[in-house]
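Asker: So here's query-v1.cif, just mmCIF, C-alpha atoms and all ligand atoms:
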```cif
data_model
#
loop_
_atom_site.group_PDB
_atom_site.id
_atom_site.type_symbol
_atom_site.label_atom_id
_atom_site.label_comp_id
_atom_site.auth_asym_id
_atom_site.auth_seq_id
_atom_site.Cartn_x
_atom_site.Cartn_y
_atom_site.Cartn_z
ATOM 1 C CA MET A 1 0.000 0.000 0.000
ATOM 2 C CA SER A 2 2.749 2.453 0.919
ATOM 3 C CA ASP A 3 4.721 4.050 -1.891
ATOM 4 C CA LEU A 4 8.111 5.524 -1.035
ATOM 5 C CA ALA A 5 7.468 8.339 -3.517
ATOM 6 C CA ASP A 6 4.511 9.451 -1.347
ATOM 7 C CA LEU A 7 6.652 10.078 1.714
ATOM 8 C CA ARG A 8 7.165 13.618 2.974
ATOM 9 C CA PRO A 9 10.612 14.692 4.191
ATOM 10 C CA ASN A 10 11.810 12.568 7.157
ATOM 11 C CA GLU A 11 8.777 10.329 7.103
ATOM 12 C CA GLU A 12 9.522 6.608 7.294
ATOM 13 C CA ALA A 13 7.583 3.562 6.243
ATOM 14 C CA VAL A 14 8.016 -0.080 7.199
ATOM 15 C CA GLU A 15 7.594 -3.166 5.073
ATOM 16 C CA LEU A 16 4.252 -4.821 5.809
ATOM 17 C CA GLU A 17 2.141 -7.541 4.318
ATOM 18 C CA PRO A 18 -0.636 -6.025 2.216
ATOM 19 C CA ALA A 19 -3.789 -5.544 4.297
ATOM 20 C CA SER A 20 -7.029 -6.664 2.748
ATOM 21 C CA ASP A 21 -9.988 -4.311 2.935
ATOM 22 C CA ALA A 22 -11.311 -3.729 6.468
ATOM 23 C CA THR A 23 -8.784 -6.069 8.019
ATOM 24 C CA LEU A 24 -7.616 -4.665 11.308
ATOM 25 C CA ARG A 25 -4.021 -4.892 12.449
ATOM 26 C CA PHE A 26 -3.393 -5.069 16.182
ATOM 27 C CA ILE A 27 -0.490 -2.786 17.051
ATOM 28 C CA GLY A 28 0.225 -4.241 20.496
ATOM 29 C CA ALA A 29 -1.459 -5.304 23.698
ATOM 30 C CA ILE A 30 -2.832 -3.586 26.797
ATOM 31 C CA ARG A 31 -1.676 -4.647 30.240
ATOM 32 C CA THR A 32 -4.132 -3.881 33.023
ATOM 33 C CA PRO A 33 -4.752 -5.174 36.568
ATOM 34 C CA TRP A 34 -8.105 -6.693 35.535
ATOM 35 C CA HIS A 35 -8.340 -10.387 34.645
ATOM 36 C CA ASP A 36 -12.057 -10.780 35.154
ATOM 37 C CA ARG A 37 -14.924 -8.731 33.746
ATOM 38 C CA LYS A 38 -16.578 -8.604 37.172
ATOM 39 C CA ASN A 39 -13.726 -6.473 38.531
ATOM 40 C CA CYS A 40 -13.138 -4.400 35.408
ATOM 41 C CA PRO A 41 -14.515 -0.832 35.527
ATOM 42 C CA ARG A 42 -17.333 -0.052 33.102
ATOM 43 C CA GLN A 43 -15.560 3.163 32.128
ATOM 44 C CA GLY A 44 -12.044 4.264 32.921
ATOM 45 C CA ASP A 45 -11.126 6.726 35.655
ATOM 46 C CA LEU A 46 -8.315 9.222 35.025
ATOM 47 C CA ASP A 47 -7.246 8.630 38.625
ATOM 48 C CA GLY A 48 -7.427 4.862 38.187
ATOM 49 C CA PRO A 49 -4.463 2.478 38.234
ATOM 50 C CA GLU A 50 -1.571 2.709 35.819
ATOM 51 C CA CYS A 51 -1.960 0.508 32.741
ATOM 52 C CA GLN A 52 0.461 -0.159 29.916
ATOM 53 C CA LEU A 53 0.053 0.100 26.174
ATOM 54 C CA VAL A 54 2.763 -2.225 24.897
ATOM 55 C CA LEU A 55 3.438 -1.597 21.222
ATOM 56 C CA ASP A 56 4.935 -4.084 18.823
ATOM 57 C CA PRO A 57 8.531 -3.011 18.091
ATOM 58 C CA VAL A 58 7.780 -2.184 14.462
ATOM 59 C CA TRP A 59 5.594 0.710 15.700
ATOM 60 C CA HIS A 60 7.969 2.214 18.278
ATOM 61 C CA ASP A 61 9.047 5.006 15.963
ATOM 62 C CA ALA A 62 5.387 5.863 15.333
ATOM 63 C CA LEU A 63 5.204 7.238 18.894
ATOM 64 C CA LYS A 64 7.535 10.155 18.210
ATOM 65 C CA GLY A 65 5.852 13.395 19.268
ATOM 66 C CA LEU A 66 3.169 11.759 21.392
ATOM 67 C CA GLU A 67 5.113 12.563 24.564
ATOM 68 C CA ASP A 68 3.957 16.199 24.181
ATOM 69 C CA TYR A 69 0.372 15.242 25.013
ATOM 70 C CA ASP A 70 -1.218 14.839 28.439
ATOM 71 C CA THR A 71 -4.355 13.198 27.076
ATOM 72 C CA ILE A 72 -4.542 10.606 24.343
ATOM 73 C CA GLU A 73 -7.269 8.504 22.809
ATOM 74 C CA VAL A 74 -6.894 4.724 22.831
ATOM 75 C CA LEU A 75 -8.841 2.321 20.628
ATOM 76 C CA TYR A 76 -8.911 -1.376 21.458
ATOM 77 C CA TRP A 77 -10.551 -4.603 20.430
ATOM 78 C CA LEU A 78 -12.814 -6.063 23.111
ATOM 79 C CA ASP A 79 -11.923 -9.547 21.991
ATOM 80 C CA GLN A 80 -13.919 -11.556 24.531
ATOM 81 C CA SER A 81 -17.269 -10.018 23.609
ATOM 82 C CA ARG A 82 -20.096 -11.749 21.904
ATOM 83 C CA ARG A 83 -21.032 -9.882 18.747
ATOM 84 C CA ASP A 84 -24.565 -10.922 17.898
ATOM 85 C CA LEU A 85 -26.893 -8.823 20.093
ATOM 86 C CA VAL A 86 -29.101 -6.100 18.634
ATOM 87 C CA ARG A 87 -30.883 -5.291 21.893
ATOM 88 C CA GLN A 88 -29.305 -5.513 25.319
ATOM 89 C CA SER A 89 -30.399 -5.169 28.905
ATOM 90 C CA PRO A 90 -27.508 -3.519 30.734
ATOM 91 C CA ARG A 91 -29.154 -3.728 34.143
ATOM 92 C CA SER A 92 -30.534 -7.238 33.609
ATOM 93 C CA ASP A 93 -33.963 -5.862 34.495
ATOM 94 C CA GLY A 94 -35.740 -6.660 31.267
ATOM 95 C CA GLN A 95 -35.446 -3.111 29.924
ATOM 96 C CA THR A 96 -33.535 -3.243 26.679
ATOM 97 C CA PHE A 97 -31.698 -0.726 24.545
ATOM 98 C CA GLY A 98 -30.402 -1.012 21.022
ATOM 99 C CA THR A 99 -26.753 -1.968 20.808
ATOM 100 C CA PHE A 100 -25.848 1.316 19.143
ATOM 101 C CA ALA A 101 -27.456 3.285 21.962
ATOM 102 C CA LEU A 102 -25.019 1.722 24.426
ATOM 103 C CA ARG A 103 -21.290 1.716 25.087
ATOM 104 C CA SER A 104 -21.454 -1.983 25.866
ATOM 105 C CA PRO A 105 -18.522 -4.153 24.731
ATOM 106 C CA VAL A 106 -21.097 -6.378 23.011
ATOM 107 C CA ARG A 107 -21.389 -5.064 19.473
ATOM 108 C CA PRO A 108 -20.790 -6.357 15.950
ATOM 109 C CA ASN A 109 -17.337 -4.796 15.840
ATOM 110 C CA PRO A 110 -16.248 -4.670 19.494
ATOM 111 C CA ILE A 111 -14.150 -1.516 19.389
ATOM 112 C CA GLY A 112 -13.616 0.239 22.721
ATOM 113 C CA THR A 113 -12.356 3.797 23.053
ATOM 114 C CA SER A 114 -11.075 5.755 26.041
ATOM 115 C CA MET A 115 -9.526 9.151 26.562
ATOM 116 C CA VAL A 116 -6.656 8.462 28.949
ATOM 117 C CA LYS A 117 -4.018 10.398 30.831
ATOM 118 C CA LEU A 118 -0.511 9.798 29.470
ATOM 119 C CA VAL A 119 1.664 9.395 32.572
ATOM 120 C CA ARG A 120 4.954 8.606 30.819
ATOM 121 C CA MET A 121 6.519 6.807 27.899
ATOM 122 C CA GLU A 122 9.191 4.119 28.264
ATOM 123 C CA LYS A 123 10.540 3.136 24.848
ATOM 124 C CA GLY A 124 7.653 1.359 23.124
ATOM 125 C CA THR A 125 5.386 1.326 26.169
ATOM 126 C CA LEU A 126 2.968 4.040 27.245
ATOM 127 C CA ILE A 127 1.929 4.214 30.873
ATOM 128 C CA VAL A 128 -1.590 5.609 31.103
ATOM 129 C CA ARG A 129 -4.474 6.027 33.522
ATOM 130 C CA GLY A 130 -8.143 5.825 32.547
ATOM 131 C CA LEU A 131 -8.611 2.409 30.953
ATOM 132 C CA ASP A 132 -11.390 -0.109 31.461
ATOM 133 C CA CYS A 133 -10.288 -3.271 29.649
ATOM 134 C CA LEU A 134 -9.057 -6.724 30.560
ATOM 135 C CA ASP A 135 -5.391 -7.603 30.703
ATOM 136 C CA GLY A 136 -4.195 -8.657 27.254
ATOM 137 C CA THR A 137 -6.818 -6.718 25.284
ATOM 138 C CA PRO A 138 -5.503 -6.112 21.746
ATOM 139 C CA LEU A 139 -4.535 -2.535 20.969
ATOM 140 C CA LEU A 140 -5.895 -1.028 17.745
ATOM 141 C CA ASP A 141 -4.773 2.586 17.629
ATOM 142 C CA ILE A 142 -3.551 5.614 19.584
ATOM 143 C CA LYS A 143 -4.267 9.259 18.759
ATOM 144 C CA PRO A 144 -3.449 12.568 20.422
ATOM 145 C CA ASP A 145 -6.578 14.281 21.739
ATOM 146 C CA ARG A 146 -6.114 16.971 19.104
ATOM 147 C CA CYS A 147 -2.984 17.979 17.273
ATOM 148 C CA ALA A 148 -1.851 20.825 15.071
ATOM 149 C CA PHE A 149 -2.797 18.798 11.997
ATOM 150 C CA SER A 150 -6.395 18.152 13.102
ATOM 151 C CA PRO A 151 -8.853 20.717 11.794
ATOM 152 C CA LYS A 152 -10.813 22.386 14.563
ATOM 153 C CA ALA A 153 -14.540 21.724 14.531
ATOM 154 C CA PRO A 154 -16.415 24.484 12.669
ATOM 155 C CA PRO A 155 -18.212 26.925 14.971
ATOM 156 C CA LYS A 156 -21.729 25.766 15.798
ATOM 157 C CA MET A 157 -24.497 27.607 13.940
ATOM 158 C CA GLY A 158 -26.979 29.526 16.085
ATOM 159 C CA SER A 159 -29.687 27.289 17.491
ATOM 160 C CA GLY A 160 -32.520 29.684 16.685
ATOM 161 C CA ARG A 161 -34.709 27.113 14.964
HETATM 162 N N1 LIG B 201 -14.518 2.752 27.314
HETATM 163 C C1 LIG B 201 -14.873 1.850 26.238
HETATM 164 C C2 LIG B 201 -15.950 2.480 25.393
HETATM 165 O O1 LIG B 201 -16.752 3.254 25.913
HETATM 166 O O2 LIG B 201 -15.969 2.244 24.183
HETATM 167 C C3 LIG B 201 -15.301 0.466 26.705
HETATM 168 C C4 LIG B 201 -16.480 0.472 27.647
HETATM 169 S S1 LIG B 201 -17.043 -1.177 27.986
HETATM 170 C C5 LIG B 201 -18.556 -0.776 28.850
HETATM 171 C C6 LIG B 201 -15.971 -1.690 29.295
HETATM 172 C C7 LIG B 201 -16.340 -3.087 29.739
HETATM 173 O O3 LIG B 201 -15.990 -4.011 28.712
HETATM 174 C C8 LIG B 201 -15.601 -3.573 30.946
HETATM 175 O O4 LIG B 201 -16.268 -3.212 32.139
HETATM 176 C C9 LIG B 201 -15.614 -5.088 30.771
HETATM 177 O O5 LIG B 201 -16.815 -5.626 31.280
HETATM 178 C C10 LIG B 201 -15.667 -5.259 29.271
HETATM 179 N N2 LIG B 201 -14.372 -5.645 28.714
HETATM 180 C C11 LIG B 201 -13.165 -5.132 29.006
HETATM 181 N N3 LIG B 201 -12.200 -5.708 28.279
HETATM 182 C C12 LIG B 201 -12.812 -6.622 27.486
HETATM 183 C C13 LIG B 201 -12.358 -7.531 26.505
HETATM 184 N N4 LIG B 201 -11.079 -7.637 26.168
HETATM 185 N N5 LIG B 201 -13.286 -8.301 25.885
HETATM 186 C C14 LIG B 201 -14.593 -8.209 26.216
HETATM 187 N N6 LIG B 201 -15.081 -7.356 27.138
HETATM 188 C C15 LIG B 201 -14.201 -6.579 27.774
#
```
Go ahead and render the structure in this file as structure tokens.
Answerer:
Amino acid sequence: MSDLADLRPNEEAVELEPASDATLRFIGAIRTPWHDRKNCPRQGDLDGPECQLVLDPVWHDALKGLEDYDTIEVLYWLDQSRRDLVRQSPRSDGQTFGTFALRSPVRPNPIGTSMVKLVRMEKGTLIVRGLDCLDGTPLLDIKPDRCAFSPKAPPKMGSGR
């Protein structure tokens, strides 16, 4: 997919197998203190325990510049979820909600996202607070909360209607 001629100055690419359409590539694994869903928080807490995003070595250089951010967004694959529910009852009380009206891990493509506090970086490992996933959860992506190359959202139009 990558073409060396497309690179901007000082950008680097690595040799990878071609990815087929919509095939995800895990970039590492998440280490957390939680081994059981019963103990795992439903949403992360920025004052919660330190967790580690352990990147595969091929991606270490892709972290350059991230150390400037206090808050980063993490995307992960909730690999132990079932994926076939269209309605769910989060409180087990018979009241159901549509899957897409929930942040449940049970969804057709079980992607989880969290905004986390970046505590420090140690080579290819990020130490963060604010996660809510099981130990060993596959890591999909990392993004700064907003960087100089992200367009700001356009100002909201007046709500006079
Ligand atoms: N913060 C993410 C979001 O909003 O997209 C995930 C929220 S989800 C409600 C968090 C819950 O997913 C945890 O409490 C746990 O029950 C479950 N979970 C965590 N890691 C998982 C994994 N690897 N596979 C399946 N379920 C997981």
Asker: List all protein, DNA and RNA residues that have any atom at most 9 Å from ligand LIG 201 (chain B), counting only C-alpha atoms and all ligand atoms, and write the list as a PyMOL selection string.
Answerer: chain A and resi 34-44+75-82+102-106+110-115+130-138
Asker: Once you have the residues from the selection above, write them out as a JSON list (two decimals), in the frame of the given file, restricted to C-alpha atoms.
Answerer:
```json
[["chain", "number", "residue", "atom", "x", "y", "z"],
["A", 34, "TRP", "CA", -8.10, -6.69, 35.53],
["A", 35, "HIS", "CA", -8.34, -10.39, 34.65],
["A", 36, "ASP", "CA", -12.06, -10.78, 35.15],
["A", 37, "ARG", "CA", -14.92, -8.73, 33.75],
["A", 38, "LYS", "CA", -16.58, -8.60, 37.17],
["A", 39, "ASN", "CA", -13.73, -6.47, 38.53],
["A", 40, "CYS", "CA", -13.14, -4.40, 35.41],
["A", 41, "PRO", "CA", -14.52, -0.83, 35.53],
["A", 42, "ARG", "CA", -17.33, -0.05, 33.10],
["A", 43, "GLN", "CA", -15.56, 3.16, 32.13],
["A", 44, "GLY", "CA", -12.04, 4.26, 32.92],
["A", 75, "LEU", "CA", -8.84, 2.32, 20.63],
["A", 76, "TYR", "CA", -8.91, -1.38, 21.46],
["A", 77, "TRP", "CA", -10.55, -4.60, 20.43],
["A", 78, "LEU", "CA", -12.81, -6.06, 23.11],
["A", 79, "ASP", "CA", -11.92, -9.55, 21.99],
["A", 80, "GLN", "CA", -13.92, -11.56, 24.53],
["A", 81, "SER", "CA", -17.27, -10.02, 23.61],
["A", 82, "ARG", "CA", -20.10, -11.75, 21.90],
["A", 102, "LEU", "CA", -25.02, 1.72, 24.43],
["A", 103, "ARG", "CA", -21.29, 1.72, 25.09],
["A", 104, "SER", "CA", -21.45, -1.98, 25.87],
["A", 105, "PRO", "CA", -18.52, -4.15, 24.73],
["A", 106, "VAL", "CA", -21.10, -6.38, 23.01],
["A", 110, "PRO", "CA", -16.25, -4.67, 19.49],
["A", 111, "ILE", "CA", -14.15, -1.52, 19.39],
["A", 112, "GLY", "CA", -13.62, 0.24, 22.72],
["A", 113, "THR", "CA", -12.36, 3.80, 23.05],
["A", 114, "SER", "CA", -11.08, 5.76, 26.04],
["A", 115, "MET", "CA", -9.53, 9.15, 26.56],
["A", 130, "GLY", "CA", -8.14, 5.82, 32.55],
["A", 131, "LEU", "CA", -8.61, 2.41, 30.95],
["A", 132, "ASP", "CA", -11.39, -0.11, 31.46],
["A", 133, "CYS", "CA", -10.29, -3.27, 29.65],
["A", 134, "LEU", "CA", -9.06, -6.72, 30.56],
["A", 135, "ASP", "CA", -5.39, -7.60, 30.70],
["A", 136, "GLY", "CA", -4.20, -8.66, 27.25],
["A", 137, "THR", "CA", -6.82, -6.72, 25.28],
["A", 138, "PRO", "CA", -5.50, -6.11, 21.75]]
```
Asker: So which one's closest to Pro33 of chain A, A:His60, A:Arg129, A:Lys143, A:Lys123? Using all atoms listed in the file, please.
Answerer: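 Going through A:His60, A:Arg129, A:Lys143, A:Lys123 one by one, the smallest distance to Pro33 of chain A is for A:Arg129.
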Asker: Any chance you could resolve the PyMOL selection byres (((chain A and resi 68) around 12) and not hetatm) against this file and give the residues as a PDB file with C-alpha atoms, in the frame of the given file?
Answerer:
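Listing of out.pdb after writing:
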```pdb
ATOM      1  CA  LEU A  63       5.204   7.238  18.894  1.00  0.00           C
ATOM      2  CA  LYS A  64       7.535  10.155  18.210  1.00  0.00           C
ATOM      3  CA  GLY A  65       5.852  13.395  19.268  1.00  0.00           C
ATOM      4  CA  LEU A  66       3.169  11.759  21.392  1.00  0.00           C
ATOM      5  CA  GLU A  67       5.113  12.563  24.564  1.00  0.00           C
ATOM      6  CA  TYR A  69       0.372  15.242  25.013  1.00  0.00           C
ATOM      7  CA  ASP A  70      -1.218  14.839  28.439  1.00  0.00           C
ATOM      8  CA  THR A  71      -4.355  13.198  27.076  1.00  0.00           C
ATOM      9  CA  ILE A  72      -4.542  10.606  24.343  1.00  0.00           C
ATOM     10  CA  LYS A 117      -4.018  10.398  30.831  1.00  0.00           C
ATOM     11  CA  LEU A 118      -0.511   9.798  29.470  1.00  0.00           C
ATOM     12  CA  VAL A 119       1.664   9.395  32.572  1.00  0.00           C
ATOM     13  CA  ARG A 120       4.954   8.606  30.819  1.00  0.00           C
ATOM     14  CA  MET A 121       6.519   6.807  27.899  1.00  0.00           C
ATOM     15  CA  PRO A 144      -3.449  12.568  20.422  1.00  0.00           C
ATOM     16  CA  ASP A 145      -6.578  14.281  21.739  1.00  0.00           C
ATOM     17  CA  ARG A 146      -6.114  16.971  19.104  1.00  0.00           C
ATOM     18  CA  CYS A 147      -2.984  17.979  17.273  1.00  0.00           C
ATOM     19  CA  ALA A 148      -1.851  20.825  15.071  1.00  0.00           C
TER      20      ALA A 148
END
```
Asker: Given the file shown, enumerate the residues that the PyMOL selection byres (((chain A and resi 97-99) around 6) and not hetatm) captures and present them as a list in words.
Answerer: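 After applying the PyMOL selection byres (((chain A and resi 97-99) around 6) and not hetatm), what remains is Val86, Arg87, Gln88, Thr96, Phe100, Ala101 and Leu102 of chain A.
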Asker: Between A:Ile127, A:Ala22, A:Val116, A:Ala29, which is the closest to Pro57 of chain A once you count only C-alpha atoms?
Answerer: A:Ala29
Asker: Taking all heavy atoms as the atom set, what does segment 13-24 of chain A look like once completed, written as a compact mmCIF listing (two decimals), keeping the file's coordinate frame?
Answerer:
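This went into result.txt:
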```
# COMPACT_ATOMS: atom_id res chain seq x y z
N ALA A 13 8.57 4.64 6.36
CA ALA A 13 7.58 3.56 6.24
C ALA A 13 8.26 2.25 6.59
O ALA A 13 9.49 2.16 6.58
CB ALA A 13 7.04 3.52 4.82
N VAL A 14 7.46 1.26 6.96
CA VAL A 14 8.02 -0.08 7.20
C VAL A 14 7.39 -1.04 6.21
O VAL A 14 6.31 -0.79 5.68
CB VAL A 14 7.74 -0.56 8.65
CG1 VAL A 14 8.56 0.23 9.64
CG2 VAL A 14 6.26 -0.48 8.99
N GLU A 15 8.09 -2.13 5.98
CA GLU A 15 7.59 -3.17 5.07
C GLU A 15 6.50 -3.97 5.79
O GLU A 15 6.74 -4.48 6.88
CB GLU A 15 8.73 -4.12 4.70
CG GLU A 15 9.74 -3.53 3.74
CD GLU A 15 9.19 -3.45 2.32
OE1 GLU A 15 8.34 -4.30 1.96
OE2 GLU A 15 9.60 -2.53 1.59
N LEU A 16 5.34 -4.05 5.20
CA LEU A 16 4.25 -4.82 5.81
C LEU A 16 3.59 -5.68 4.75
O LEU A 16 3.64 -5.36 3.57
CB LEU A 16 3.19 -3.87 6.39
CG LEU A 16 3.61 -3.00 7.56
CD1 LEU A 16 2.52 -1.97 7.86
CD2 LEU A 16 3.87 -3.84 8.79
N GLU A 17 2.98 -6.75 5.22
CA GLU A 17 2.14 -7.54 4.32
C GLU A 17 0.99 -6.67 3.86
O GLU A 17 0.49 -5.85 4.65
CB GLU A 17 1.55 -8.74 5.08
CG GLU A 17 2.56 -9.75 5.55
CD GLU A 17 3.22 -10.48 4.39
OE1 GLU A 17 2.49 -10.92 3.48
OE2 GLU A 17 4.46 -10.56 4.41
N PRO A 18 0.52 -6.81 2.63
CA PRO A 18 -0.64 -6.02 2.22
C PRO A 18 -1.85 -6.35 3.09
O PRO A 18 -2.06 -7.51 3.44
CB PRO A 18 -0.89 -6.46 0.77
CG PRO A 18 0.10 -7.50 0.44
CD PRO A 18 1.00 -7.74 1.61
N ALA A 19 -2.59 -5.32 3.50
CA ALA A 19 -3.79 -5.54 4.30
C ALA A 19 -4.98 -5.64 3.34
O ALA A 19 -5.10 -4.84 2.42
CB ALA A 19 -4.00 -4.39 5.27
N SER A 20 -5.83 -6.61 3.58
CA SER A 20 -7.03 -6.66 2.75
C SER A 20 -8.05 -5.69 3.33
O SER A 20 -7.93 -5.26 4.48
CB SER A 20 -7.59 -8.08 2.68
OG SER A 20 -7.62 -8.64 3.95
N ASP A 21 -9.05 -5.34 2.55
CA ASP A 21 -9.99 -4.31 2.94
C ASP A 21 -10.64 -4.62 4.27
O ASP A 21 -11.10 -5.73 4.51
CB ASP A 21 -11.06 -4.19 1.84
CG ASP A 21 -11.95 -2.99 2.08
OD1 ASP A 21 -11.47 -1.99 2.63
OD2 ASP A 21 -13.13 -3.06 1.74
N ALA A 22 -10.65 -3.63 5.16
CA ALA A 22 -11.31 -3.73 6.47
C ALA A 22 -10.69 -4.79 7.37
O ALA A 22 -11.32 -5.26 8.30
CB ALA A 22 -12.80 -3.96 6.33
N THR A 23 -9.47 -5.16 7.10
CA THR A 23 -8.78 -6.07 8.02
C THR A 23 -8.01 -5.23 9.02
O THR A 23 -7.20 -4.40 8.64
CB THR A 23 -7.80 -6.98 7.26
OG1 THR A 23 -8.56 -7.74 6.32
CG2 THR A 23 -7.07 -7.91 8.20
N LEU A 24 -8.31 -5.44 10.28
CA LEU A 24 -7.62 -4.66 11.31
C LEU A 24 -6.28 -5.30 11.63
O LEU A 24 -6.09 -6.51 11.54
CB LEU A 24 -8.47 -4.61 12.58
CG LEU A 24 -9.77 -3.85 12.44
CD1 LEU A 24 -10.64 -4.08 13.66
CD2 LEU A 24 -9.50 -2.37 12.27
```
